[in-house]
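> One file is attached below, final-v1.cif, containing mmCIF, C-alpha atoms and all ligand atoms.
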data_run
loop_
_atom_site.group_PDB
_atom_site.id
_atom_site.type_symbol
_atom_site.label_atom_id
_atom_site.label_comp_id
_atom_site.auth_asym_id
_atom_site.auth_seq_id
_atom_site.Cartn_x
_atom_site.Cartn_y
_atom_site.Cartn_z
ATOM 1 C CA MET R 19 121.993 120.702 92.895
ATOM 2 C CA LYS R 20 125.605 120.716 91.752
ATOM 3 C CA GLN R 21 126.321 119.264 88.321
ATOM 4 C CA LEU R 22 129.161 116.814 87.755
ATOM 5 C CA ILE R 23 130.505 114.839 84.795
ATOM 6 C CA PHE R 24 132.945 112.000 85.291
ATOM 7 C CA ASP R 25 135.205 110.087 82.997
ATOM 8 C CA ALA R 26 134.920 106.299 83.581
ATOM 9 C CA ASP R 27 138.254 104.499 83.134
ATOM 10 C CA ASN R 28 140.903 105.335 85.729
ATOM 11 C CA THR R 29 138.601 107.971 87.197
ATOM 12 C CA LEU R 30 135.804 105.782 88.623
ATOM 13 C CA PHE R 31 136.811 102.294 87.512
ATOM 14 C CA ASP R 32 140.234 100.752 88.105
ATOM 15 C CA PHE R 33 141.054 100.150 84.475
ATOM 16 C CA ASP R 34 144.655 99.001 85.029
ATOM 17 C CA CYS R 35 143.441 96.203 87.277
ATOM 18 C CA ALA R 36 140.613 95.244 84.880
ATOM 19 C CA GLU R 37 142.959 95.206 81.906
ATOM 20 C CA GLU R 38 145.417 92.864 83.561
ATOM 21 C CA LYS R 39 142.741 90.465 84.817
ATOM 22 C CA ALA R 40 140.903 90.397 81.492
ATOM 23 C CA LEU R 41 144.047 89.806 79.477
ATOM 24 C CA VAL R 42 145.210 86.896 81.608
ATOM 25 C CA LYS R 43 141.710 85.346 81.664
ATOM 26 C CA THR R 44 141.355 85.641 77.884
ATOM 27 C CA LEU R 45 144.766 84.151 77.090
ATOM 28 C CA THR R 46 144.034 81.327 79.541
ATOM 29 C CA HIS R 47 140.665 80.709 77.893
ATOM 30 C CA PHE R 48 142.334 80.249 74.500
ATOM 31 C CA GLU R 49 145.095 78.114 76.084
ATOM 32 C CA MET R 50 147.732 80.618 75.049
ATOM 33 C CA SER R 51 150.886 81.349 77.036
ATOM 34 C CA ILE R 52 151.400 84.347 79.306
ATOM 35 C CA PRO R 53 154.992 85.474 78.669
ATOM 36 C CA GLN R 54 157.057 87.571 81.083
ATOM 37 C CA GLY R 55 156.477 91.287 80.654
ATOM 38 C CA LEU R 56 153.130 90.757 78.960
ATOM 39 C CA ILE R 57 151.145 93.360 80.889
ATOM 40 C CA GLU R 58 153.823 95.993 80.480
ATOM 41 C CA PHE R 59 154.066 95.311 76.754
ATOM 42 C CA TYR R 60 150.290 95.371 76.329
ATOM 43 C CA ARG R 61 149.825 98.565 78.320
ATOM 44 C CA ASN R 62 152.483 100.508 76.390
ATOM 45 C CA MET R 63 151.130 99.277 73.088
ATOM 46 C CA ASN R 64 147.523 100.037 74.032
ATOM 47 C CA VAL R 65 148.322 103.558 75.260
ATOM 48 C CA LYS R 66 150.038 104.322 71.952
ATOM 49 C CA LEU R 67 147.085 103.007 69.949
ATOM 50 C CA TRP R 68 144.593 105.052 71.992
ATOM 51 C CA GLN R 69 146.782 108.133 71.431
ATOM 52 C CA GLN R 70 146.618 107.496 67.709
ATOM 53 C CA PHE R 71 142.842 107.116 68.006
ATOM 54 C CA ASP R 72 142.611 110.363 70.008
ATOM 55 C CA GLU R 73 144.606 112.087 67.267
ATOM 56 C CA LYS R 74 142.182 110.571 64.733
ATOM 57 C CA SER R 75 145.010 108.802 62.872
ATOM 58 C CA ILE R 76 143.352 105.373 63.318
ATOM 59 C CA THR R 77 139.735 104.255 63.666
ATOM 60 C CA ILE R 78 138.346 102.228 66.530
ATOM 61 C CA ALA R 79 138.201 99.163 64.240
ATOM 62 C CA GLN R 80 141.881 99.588 63.367
ATOM 63 C CA LEU R 81 142.711 100.000 67.038
ATOM 64 C CA LYS R 82 141.019 96.707 67.914
ATOM 65 C CA GLN R 83 142.648 94.881 65.000
ATOM 66 C CA GLN R 84 146.180 96.193 65.561
ATOM 67 C CA ARG R 85 145.967 95.520 69.274
ATOM 68 C CA THR R 86 145.200 91.860 68.711
ATOM 69 C CA GLU R 87 147.823 91.455 65.966
ATOM 70 C CA LYS R 88 150.573 92.990 68.096
ATOM 71 C CA LEU R 89 149.559 90.918 71.108
ATOM 72 C CA PHE R 90 149.636 87.634 69.156
ATOM 73 C CA LYS R 91 153.046 88.533 67.830
ATOM 74 C CA PHE R 92 154.348 89.151 71.357
ATOM 75 C CA VAL R 93 152.825 85.937 72.703
ATOM 76 C CA GLY R 94 154.121 84.006 69.689
ATOM 77 C CA GLN R 95 150.778 82.246 69.227
ATOM 78 C CA SER R 96 147.533 83.200 67.591
ATOM 79 C CA THR R 97 143.875 82.310 67.396
ATOM 80 C CA ASP R 98 140.782 83.763 65.712
ATOM 81 C CA PRO R 99 141.324 87.520 66.291
ATOM 82 C CA SER R 100 137.669 88.501 66.359
ATOM 83 C CA LYS R 101 136.748 85.753 68.838
ATOM 84 C CA PHE R 102 139.729 86.699 70.962
ATOM 85 C CA SER R 103 138.841 90.372 70.878
ATOM 86 C CA LEU R 104 135.198 89.774 71.830
ATOM 87 C CA ARG R 105 136.163 87.483 74.680
ATOM 88 C CA TYR R 106 138.623 90.084 75.956
ATOM 89 C CA LEU R 107 136.021 92.853 75.871
ATOM 90 C CA ASP R 108 133.529 90.665 77.722
ATOM 91 C CA GLU R 109 136.140 89.829 80.370
ATOM 92 C CA LEU R 110 136.857 93.559 80.715
ATOM 93 C CA ALA R 111 133.141 94.251 81.122
ATOM 94 C CA GLY R 112 133.064 91.715 83.943
ATOM 95 C CA CYS R 113 135.697 93.618 85.960
ATOM 96 C CA GLN R 114 133.871 96.279 87.927
ATOM 97 C CA ASP R 115 136.633 97.173 90.379
ATOM 98 C CA LEU R 116 136.295 100.785 91.464
ATOM 99 C CA LEU R 117 139.211 102.971 92.483
ATOM 100 C CA PRO R 118 139.695 103.541 96.226
ATOM 101 C CA GLY R 119 137.222 105.993 97.732
ATOM 102 C CA VAL R 120 134.888 106.095 94.724
ATOM 103 C CA GLU R 121 131.922 104.285 96.242
ATOM 104 C CA GLN R 122 131.916 106.262 99.509
ATOM 105 C CA THR R 123 132.549 109.623 97.825
ATOM 106 C CA LEU R 124 129.785 109.136 95.244
ATOM 107 C CA GLN R 125 127.419 108.180 98.037
ATOM 108 C CA VAL R 126 127.975 111.585 99.659
ATOM 109 C CA LEU R 127 127.990 113.534 96.376
ATOM 110 C CA SER R 128 124.824 111.887 95.070
ATOM 111 C CA LYS R 129 122.762 113.578 97.793
ATOM 112 C CA HIS R 130 123.791 117.005 96.515
ATOM 113 C CA CYS R 131 124.713 116.553 92.854
ATOM 114 C CA GLU R 132 123.328 115.476 89.511
ATOM 115 C CA MET R 133 125.924 113.283 87.843
ATOM 116 C CA ALA R 134 126.732 111.909 84.385
ATOM 117 C CA ILE R 135 129.547 109.898 82.812
ATOM 118 C CA ILE R 136 131.284 110.493 79.484
ATOM 119 C CA THR R 137 133.556 107.721 78.269
ATOM 120 C CA ASN R 138 135.666 107.207 75.153
ATOM 121 C CA GLY R 139 135.699 103.479 75.939
ATOM 122 C CA LEU R 140 133.912 100.775 73.972
ATOM 123 C CA SER R 141 130.152 100.169 74.286
ATOM 124 C CA ARG R 142 130.539 96.425 74.675
ATOM 125 C CA VAL R 143 132.668 97.043 77.772
ATOM 126 C CA GLN R 144 131.141 100.169 79.232
ATOM 127 C CA LYS R 145 127.441 99.318 79.057
ATOM 128 C CA PRO R 146 127.313 95.932 80.798
ATOM 129 C CA ARG R 147 129.993 96.915 83.296
ATOM 130 C CA PHE R 148 128.137 100.075 84.235
ATOM 131 C CA ALA R 149 124.770 98.297 84.416
ATOM 132 C CA SER R 150 126.065 95.722 86.886
ATOM 133 C CA SER R 151 128.234 98.126 88.908
ATOM 134 C CA SER R 152 127.314 99.245 92.414
ATOM 135 C CA ILE R 153 127.367 102.936 91.416
ATOM 136 C CA GLN R 154 125.068 103.037 88.388
ATOM 137 C CA HIS R 155 122.019 104.362 90.277
ATOM 138 C CA HIS R 156 123.888 107.606 91.017
ATOM 139 C CA PHE R 157 124.096 108.662 87.360
ATOM 140 C CA GLY R 158 121.566 110.296 85.075
ATOM 141 C CA ALA R 159 123.452 109.475 81.865
ATOM 142 C CA LEU R 160 126.214 107.287 80.497
ATOM 143 C CA VAL R 161 127.445 108.865 77.274
ATOM 144 C CA ILE R 162 129.628 106.573 75.155
ATOM 145 C CA SER R 163 131.635 108.143 72.347
ATOM 146 C CA GLU R 164 131.380 105.031 70.166
ATOM 147 C CA GLU R 165 127.579 105.399 70.180
ATOM 148 C CA LEU R 166 127.525 109.141 69.666
ATOM 149 C CA GLY R 167 130.164 109.080 66.933
ATOM 150 C CA VAL R 168 132.036 111.919 68.633
ATOM 151 C CA ALA R 169 134.705 111.486 71.308
ATOM 152 C CA LYS R 170 136.313 113.643 74.015
ATOM 153 C CA PRO R 171 137.896 116.214 73.643
ATOM 154 C CA ASP R 172 135.354 117.264 70.973
ATOM 155 C CA PRO R 173 133.089 119.913 72.560
ATOM 156 C CA GLU R 174 130.056 118.255 70.986
ATOM 157 C CA ILE R 175 130.167 115.333 73.421
ATOM 158 C CA PHE R 176 130.154 117.714 76.395
ATOM 159 C CA ALA R 177 127.344 119.748 74.813
ATOM 160 C CA HIS R 178 125.314 116.593 74.174
ATOM 161 C CA THR R 179 125.739 115.449 77.780
ATOM 162 C CA CYS R 180 124.691 118.816 79.236
ATOM 163 C CA GLU R 181 121.692 118.821 76.930
ATOM 164 C CA ILE R 182 120.411 115.368 77.912
ATOM 165 C CA MET R 183 120.967 116.201 81.585
ATOM 166 C CA GLY R 184 119.018 119.444 81.128
ATOM 167 C CA TRP R 185 121.967 121.599 82.219
ATOM 168 C CA SER R 186 121.822 124.990 80.540
ATOM 169 C CA ASP R 187 124.943 126.666 81.955
ATOM 170 C CA PRO R 188 128.244 124.857 81.213
ATOM 171 C CA ALA R 189 130.108 127.141 83.631
ATOM 172 C CA LYS R 190 128.223 125.517 86.519
ATOM 173 C CA VAL R 191 129.253 121.988 85.501
ATOM 174 C CA LEU R 192 132.432 120.351 86.836
ATOM 175 C CA MET R 193 134.219 117.746 84.691
ATOM 176 C CA VAL R 194 136.385 115.223 86.568
ATOM 177 C CA GLY R 195 138.846 113.013 84.690
ATOM 178 C CA ASP R 196 142.368 111.598 84.524
ATOM 179 C CA ASN R 197 143.186 112.297 80.865
ATOM 180 C CA TYR R 198 144.490 115.834 80.561
ATOM 181 C CA ARG R 199 143.857 116.323 76.876
ATOM 182 C CA CYS R 200 140.519 114.569 76.502
ATOM 183 C CA ASP R 201 138.858 115.210 79.845
ATOM 184 C CA ILE R 202 140.354 118.464 81.024
ATOM 185 C CA GLN R 203 141.331 120.503 77.971
ATOM 186 C CA GLY R 204 138.262 119.309 76.075
ATOM 187 C CA ALA R 205 135.940 120.298 78.900
ATOM 188 C CA ALA R 206 137.734 123.611 79.493
ATOM 189 C CA ASP R 207 137.406 124.448 75.793
ATOM 190 C CA PHE R 208 133.656 123.910 76.090
ATOM 191 C CA GLY R 209 133.527 126.185 79.149
ATOM 192 C CA LEU R 210 133.097 123.610 81.902
ATOM 193 C CA GLN R 211 134.898 123.809 85.221
ATOM 194 C CA THR R 212 137.526 121.123 85.507
ATOM 195 C CA CYS R 213 139.066 118.893 88.130
ATOM 196 C CA TRP R 214 142.056 116.881 86.977
ATOM 197 C CA PHE R 215 142.420 113.531 88.711
ATOM 198 C CA ASN R 216 146.215 113.330 88.592
ATOM 199 C CA ILE R 217 146.032 109.671 89.498
ATOM 200 C CA ARG R 218 149.686 108.926 88.742
ATOM 201 C CA ASN R 219 151.002 111.962 90.620
ATOM 202 C CA HIS R 220 152.712 113.401 87.558
ATOM 203 C CA THR R 221 154.768 116.516 88.166
ATOM 204 C CA HIS R 222 153.617 119.022 85.577
ATOM 205 C CA ASP R 223 153.252 122.629 84.569
ATOM 206 C CA PHE R 224 149.730 122.275 83.183
ATOM 207 C CA SER R 225 147.476 125.210 83.902
ATOM 208 C CA ASP R 226 144.230 124.615 81.992
ATOM 209 C CA HIS R 227 142.481 122.991 84.969
ATOM 210 C CA ASP R 228 140.657 124.650 87.879
ATOM 211 C CA HIS R 229 141.284 121.935 90.481
ATOM 212 C CA GLU R 230 143.596 118.962 90.942
ATOM 213 C CA ILE R 231 143.184 115.858 93.102
ATOM 214 C CA HIS R 232 145.376 112.790 93.641
ATOM 215 C CA HIS R 233 142.857 110.610 95.425
ATOM 216 C CA PHE R 234 139.186 110.361 94.554
ATOM 217 C CA ASP R 235 137.889 111.363 97.988
ATOM 218 C CA GLU R 236 139.642 114.748 97.710
ATOM 219 C CA LEU R 237 136.765 115.642 95.421
ATOM 220 C CA LEU R 238 134.714 116.344 98.539
ATOM 221 C CA LYS R 239 136.986 119.330 99.195
ATOM 222 C CA VAL R 240 136.603 120.577 95.616
ATOM 223 C CA VAL R 241 132.817 120.284 95.384
ATOM 224 C CA THR R 242 131.572 122.506 98.183
ATOM 225 C CA LEU R 243 128.280 120.958 99.199
HETATM 226 MG MG MG N 1 140.222 107.895 81.923
#
Go through the file and emit its structure as structure tokens.

Amino acid sequence: MKQLIFDADNTLFDFDCAEEKALVKTLTHFEMSIPQGLIEFYRNMNVKLWQQFDEKSITIAQLKQQRTEKLFKFVGQSTDPSKFSLRYLDELAGCQDLLPGVEQTLQVLSKHCEMAIITNGLSRVQKPRFASSSIQHHFGALVISEELGVAKPDPEIFAHTCEIMGWSDPAKVLMVGDNYRCDIQGAADFGLQTCWFNIRNHTHDFSDHDHEIHHFDELLKVVTL
């Protein structure tokens, strides 16, 4: 059996779509307005906060708090931030849209591969979404950084995942993900093989990865079954 680890957001699940739906639903729920440019603003702000989290300059609690504060400021209205934040996470968890080709490709791979997921996302989103998704039966483990207390690119999270999957040789394991630093460089540092899902077709001169795909189903050419 081949051994594969996947990232979740924007590798298996269509996070951009989920984010937009969840944000609009949450603002609507609290009878708040949806100003022009909201999604763009939110996305830029969120990416920056996650970068700061990745660099360990803010905690996950600070990320959640600052995200809500900045959003309320942009909308020009506010409500109870913790209620808003919880509602948003639950709406996100309810969006299980997969990226194109994921379902069919996993179906083929699952006959020949043992598979796990490592995500730096939040437990409240990842767990229920995964449990009610159509792909959950393919995976032997869902490792969530918030629960482990260690996030990608820390080698410990890759080591932990290999250990619970019973995989003794990291060099035989292929990590697939869209985030170059967390998924690819982190995995390469731990000695895994890597496949970068260059989902946004960035031109680049990166060279730490073994394989590169632009569409999920190209993985079938990378993993020789
Ligand atoms: Mg990702």
> Name the residues in contact with stretch 117-124 of chain R at a cut-off of 6 Å, using only C-alpha atoms, excluding same-chain residues fewer than 5 positions from it; report them as a list of chain:residue names.
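Counting only C-alpha atoms, the residues come to R:Leu30, R:Phe31, R:Asp32, R:Phe234, R:Asp235.
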> Return as a PyMOL selection string every polymer residue, whether protein, DNA or RNA, with at least one atom no more than 12 Å from an atom of ligand MG 1 (chain N); count all atoms listed in the file.
chain R and resi 24-34+65+68+117+135-139+170-171+193-202+214-218
> Mind checking which residues fall within 10 Å of R:Glu109, counting all atoms listed in the file, ignoring those fewer than 4 positions away in the same chain, and posting them as number ranges by chain?
R: 36-37, 39-44, 103-105, 113, 143, 147
> Determine the residue set returned by the PyMOL selection byres (((chain R and resi 87) around 12) and not hetatm) for the present structure, and present it as a ChimeraX atom specification.
/R:60,63-64,80-86,88-100,102-103
> What is the distance, in Å and to one decimal place, between atom CA of R:Ile231 and atom CA of R:Leu160?
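Pair atom CA of R:Ile231 / atom CA of R:Leu160 returns 22.8 Å.
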> Selection in question (the file shown): the PyMOL selection byres (((chain R and resi 226) around 12) and not hetatm). Which residues does it include, as a list in words?
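Expected selection for the PyMOL selection byres (((chain R and resi 226) around 12) and not hetatm) here is Tyr198, Arg199, Asp201, Ile202, Gln203, Gly204, Ala205, Ala206, Asp207, Gly209, Leu210, Gln211, Thr212, Cys213, Trp214, His222, Asp223, Phe224, Ser225, His227, Asp228, His229 and Glu230 of chain R.
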> Can you write just those residues out, C-alpha atoms, as a compact mmCIF listing (two decimals), in the coordinates of the input?

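Result went into result-v6.txt, see below:
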# COMPACT_ATOMS: atom_id res chain seq x y z
CA TYR R 198 144.49 115.83 80.56
CA ARG R 199 143.86 116.32 76.88
CA ASP R 201 138.86 115.21 79.84
CA ILE R 202 140.35 118.46 81.02
CA GLN R 203 141.33 120.50 77.97
CA GLY R 204 138.26 119.31 76.08
CA ALA R 205 135.94 120.30 78.90
CA ALA R 206 137.73 123.61 79.49
CA ASP R 207 137.41 124.45 75.79
CA GLY R 209 133.53 126.18 79.15
CA LEU R 210 133.10 123.61 81.90
CA GLN R 211 134.90 123.81 85.22
CA THR R 212 137.53 121.12 85.51
CA CYS R 213 139.07 118.89 88.13
CA TRP R 214 142.06 116.88 86.98
CA HIS R 222 153.62 119.02 85.58
CA ASP R 223 153.25 122.63 84.57
CA PHE R 224 149.73 122.28 83.18
CA SER R 225 147.48 125.21 83.90
CA HIS R 227 142.48 122.99 84.97
CA ASP R 228 140.66 124.65 87.88
CA HIS R 229 141.28 121.94 90.48
CA GLU R 230 143.60 118.96 90.94
> Name the closest residue to R:Pro173 among the candidates R:Gly158, R:Pro146, R:Pro188, R:Pro53; distances are taken between atoms, counting all atoms listed in the file.
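Closest residue, counting all atoms listed in the file: R:Pro188.
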> My list of candidates is R:Lys129, R:Lys101, R:His178, R:His220. Which is closest to R:Leu243 when distances are computed with all atoms listed in the file?
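For R:Leu243, the nearest of the candidates is R:Lys129.
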> Which residue out of R:Lys239, R:His156, R:Lys145, R:Arg61 has the minimum interatomic distance to R:Gln125 when all atoms listed in the file are used?
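Closest candidate: R:His156.
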> To one decimal place in Å, what is the distance between atom CA of R:Lys20 and atom CA of R:His130?
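Rounded to one decimal, the two atoms are 6.3 Å apart.
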> One number please: atom CA of R:Ala149 to atom CA of R:Val241, in Å, one decimal.
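A separation of 25.9 Å between them.
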> Tell me which residues come within 9 Å of (123.5, 117.7, 81.3), as a list in words, counting only C-alpha atoms in the file's coordinates.
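Every residue inside that radius is included here: Gln21, Leu22, Ile23, Glu132, Met133, Ala134, Gly158, Ala159, Phe176, Ala177, His178, Thr179, Cys180, Glu181, Ile182, Met183, Gly184, Trp185, Ser186, Pro188 and Val191 of chain R.
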> Under the PyMOL selection byres (((chain R and resi 164-166) around 10) and not hetatm), which residues of this model are included? Write them out as a list of chain:residue names.
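Taken over the shown coordinates, the PyMOL selection byres (((chain R and resi 164-166) around 10) and not hetatm) returns R:Ile78, R:Thr137, R:Asn138, R:Gly139, R:Leu140, R:Ser141, R:Arg142, R:Val161, R:Ile162, R:Ser163, R:Gly167, R:Val168, R:Ala169, R:Glu174, R:Ile175, R:His178.
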> Enclose the full set of atoms of stretch 186-203 of chain R listed in the file within a box whose edges lie along x, y and z, apply 3 Å of padding to each of the six sides, and report centre and edge lengths in Å to one decimal as JSON.

{"center_x": 133.2, "center_y": 119.4, "center_z": 81.7, "size_x": 28.7, "size_y": 21.5, "size_z": 16.3}
> Looking at R:Glu38, R:Glu58, R:Glu49, R:Asp72, which one is nearest to R:Leu110, with distances taken over all atoms listed in the file?
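Once distances to R:Leu110 are computed over all atoms listed in the file, the minimum belongs to R:Glu38.
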> Save stretch 73-104 of chain R to disk from that block, N, CA and C atoms included, as a PDB file, in the first residue's frame.

ATOM      1  N   GLU R  73       3.928  32.128  11.789  1.00  0.00           N
ATOM      2  CA  GLU R  73       5.226  32.631  12.258  1.00  0.00           C
ATOM      3  C   GLU R  73       5.294  32.676  13.788  1.00  0.00           C
ATOM      4  N   LYS R  74       4.217  32.206  14.417  1.00  0.00           N
ATOM      5  CA  LYS R  74       4.113  32.159  15.882  1.00  0.00           C
ATOM      6  C   LYS R  74       4.128  33.541  16.527  1.00  0.00           C
ATOM      7  N   SER R  75       3.729  34.595  15.779  1.00  0.00           N
ATOM      8  CA  SER R  75       3.697  35.921  16.395  1.00  0.00           C
ATOM      9  C   SER R  75       2.330  36.222  17.031  1.00  0.00           C
ATOM     10  N   ILE R  76       1.300  35.435  16.710  1.00  0.00           N
ATOM     11  CA  ILE R  76       0.032  35.518  17.449  1.00  0.00           C
ATOM     12  C   ILE R  76      -0.475  34.109  17.757  1.00  0.00           C
ATOM     13  N   THR R  77      -1.323  34.012  18.775  1.00  0.00           N
ATOM     14  CA  THR R  77      -1.899  32.709  19.133  1.00  0.00           C
ATOM     15  C   THR R  77      -3.200  32.520  18.356  1.00  0.00           C
ATOM     16  N   ILE R  78      -3.735  31.326  18.437  1.00  0.00           N
ATOM     17  CA  ILE R  78      -4.990  31.050  17.742  1.00  0.00           C
ATOM     18  C   ILE R  78      -6.131  31.891  18.346  1.00  0.00           C
ATOM     19  N   ALA R  79      -6.077  32.110  19.657  1.00  0.00           N
ATOM     20  CA  ALA R  79      -7.111  32.930  20.317  1.00  0.00           C
ATOM     21  C   ALA R  79      -7.032  34.377  19.822  1.00  0.00           C
ATOM     22  N   GLN R  80      -5.815  34.877  19.684  1.00  0.00           N
ATOM     23  CA  GLN R  80      -5.635  36.247  19.173  1.00  0.00           C
ATOM     24  C   GLN R  80      -6.087  36.350  17.715  1.00  0.00           C
ATOM     25  N   LEU R  81      -5.821  35.303  16.966  1.00  0.00           N
ATOM     26  CA  LEU R  81      -6.253  35.286  15.563  1.00  0.00           C
ATOM     27  C   LEU R  81      -7.777  35.419  15.483  1.00  0.00           C
ATOM     28  N   LYS R  82      -8.467  34.601  16.262  1.00  0.00           N
ATOM     29  CA  LYS R  82      -9.939  34.629  16.243  1.00  0.00           C
ATOM     30  C   LYS R  82     -10.467  35.997  16.658  1.00  0.00           C
ATOM     31  N   GLN R  83      -9.870  36.556  17.710  1.00  0.00           N
ATOM     32  CA  GLN R  83     -10.331  37.836  18.253  1.00  0.00           C
ATOM     33  C   GLN R  83     -10.089  38.980  17.261  1.00  0.00           C
ATOM     34  N   GLN R  84      -8.871  39.035  16.728  1.00  0.00           N
ATOM     35  CA  GLN R  84      -8.530  40.130  15.801  1.00  0.00           C
ATOM     36  C   GLN R  84      -9.336  40.058  14.517  1.00  0.00           C
ATOM     37  N   ARG R  85      -9.618  38.836  14.086  1.00  0.00           N
ATOM     38  CA  ARG R  85     -10.390  38.645  12.864  1.00  0.00           C
ATOM     39  C   ARG R  85     -11.794  39.243  13.012  1.00  0.00           C
ATOM     40  N   THR R  86     -12.406  38.976  14.144  1.00  0.00           N
ATOM     41  CA  THR R  86     -13.749  39.489  14.381  1.00  0.00           C
ATOM     42  C   THR R  86     -13.729  41.008  14.539  1.00  0.00           C
ATOM     43  N   GLU R  87     -12.766  41.514  15.296  1.00  0.00           N
ATOM     44  CA  GLU R  87     -12.669  42.977  15.502  1.00  0.00           C
ATOM     45  C   GLU R  87     -12.517  43.718  14.170  1.00  0.00           C
ATOM     46  N   LYS R  88     -11.611  43.228  13.342  1.00  0.00           N
ATOM     47  CA  LYS R  88     -11.337  43.884  12.058  1.00  0.00           C
ATOM     48  C   LYS R  88     -12.563  43.798  11.134  1.00  0.00           C
ATOM     49  N   LEU R  89     -13.239  42.673  11.199  1.00  0.00           N
ATOM     50  CA  LEU R  89     -14.435  42.495  10.364  1.00  0.00           C
ATOM     51  C   LEU R  89     -15.537  43.478  10.783  1.00  0.00           C
ATOM     52  N   PHE R  90     -15.786  43.581  12.084  1.00  0.00           N
ATOM     53  CA  PHE R  90     -16.818  44.497  12.582  1.00  0.00           C
ATOM     54  C   PHE R  90     -16.503  45.932  12.182  1.00  0.00           C
ATOM     55  N   LYS R  91     -15.237  46.265  12.234  1.00  0.00           N
ATOM     56  CA  LYS R  91     -14.819  47.611  11.872  1.00  0.00           C
ATOM     57  C   LYS R  91     -15.129  47.876  10.387  1.00  0.00           C
ATOM     58  N   PHE R  92     -14.849  46.891   9.558  1.00  0.00           N
ATOM     59  CA  PHE R  92     -15.098  47.036   8.115  1.00  0.00           C
ATOM     60  C   PHE R  92     -16.598  47.138   7.828  1.00  0.00           C
ATOM     61  N   VAL R  93     -17.367  46.317   8.511  1.00  0.00           N
ATOM     62  CA  VAL R  93     -18.824  46.300   8.297  1.00  0.00           C
ATOM     63  C   VAL R  93     -19.465  47.561   8.896  1.00  0.00           C
ATOM     64  N   GLY R  94     -18.817  48.114   9.916  1.00  0.00           N
ATOM     65  CA  GLY R  94     -19.354  49.305  10.575  1.00  0.00           C
ATOM     66  C   GLY R  94     -20.452  48.985  11.571  1.00  0.00           C
ATOM     67  N   GLN R  95     -20.571  47.718  11.939  1.00  0.00           N
ATOM     68  CA  GLN R  95     -21.557  47.283  12.931  1.00  0.00           C
ATOM     69  C   GLN R  95     -20.886  46.227  13.795  1.00  0.00           C
ATOM     70  N   SER R  96     -21.438  45.986  14.965  1.00  0.00           N
ATOM     71  CA  SER R  96     -20.860  44.897  15.748  1.00  0.00           C
ATOM     72  C   SER R  96     -21.931  44.176  16.547  1.00  0.00           C
ATOM     73  N   THR R  97     -21.548  43.002  17.025  1.00  0.00           N
ATOM     74  CA  THR R  97     -22.417  42.201  17.874  1.00  0.00           C
ATOM     75  C   THR R  97     -21.499  41.463  18.845  1.00  0.00           C
ATOM     76  N   ASP R  98     -22.042  40.551  19.630  1.00  0.00           N
ATOM     77  CA  ASP R  98     -21.212  39.792  20.568  1.00  0.00           C
ATOM     78  C   ASP R  98     -20.145  39.004  19.791  1.00  0.00           C
ATOM     79  N   PRO R  99     -18.846  39.356  19.968  1.00  0.00           N
ATOM     80  CA  PRO R  99     -17.818  38.717  19.131  1.00  0.00           C
ATOM     81  C   PRO R  99     -17.715  37.205  19.306  1.00  0.00           C
ATOM     82  N   SER R 100     -17.895  36.722  20.524  1.00  0.00           N
ATOM     83  CA  SER R 100     -17.733  35.271  20.694  1.00  0.00           C
ATOM     84  C   SER R 100     -18.901  34.511  20.070  1.00  0.00           C
ATOM     85  N   LYS R 101     -20.109  35.067  20.171  1.00  0.00           N
ATOM     86  CA  LYS R 101     -21.263  34.413  19.531  1.00  0.00           C
ATOM     87  C   LYS R 101     -21.097  34.435  18.009  1.00  0.00           C
ATOM     88  N   PHE R 102     -20.623  35.579  17.528  1.00  0.00           N
ATOM     89  CA  PHE R 102     -20.421  35.722  16.085  1.00  0.00           C
ATOM     90  C   PHE R 102     -19.391  34.705  15.589  1.00  0.00           C
ATOM     91  N   SER R 103     -18.297  34.624  16.313  1.00  0.00           N
ATOM     92  CA  SER R 103     -17.204  33.744  15.932  1.00  0.00           C
ATOM     93  C   SER R 103     -17.636  32.266  15.930  1.00  0.00           C
ATOM     94  N   LEU R 104     -18.385  31.876  16.948  1.00  0.00           N
ATOM     95  CA  LEU R 104     -18.857  30.486  17.021  1.00  0.00           C
ATOM     96  C   LEU R 104     -19.806  30.167  15.877  1.00  0.00           C
TER      97      LEU R 104
END
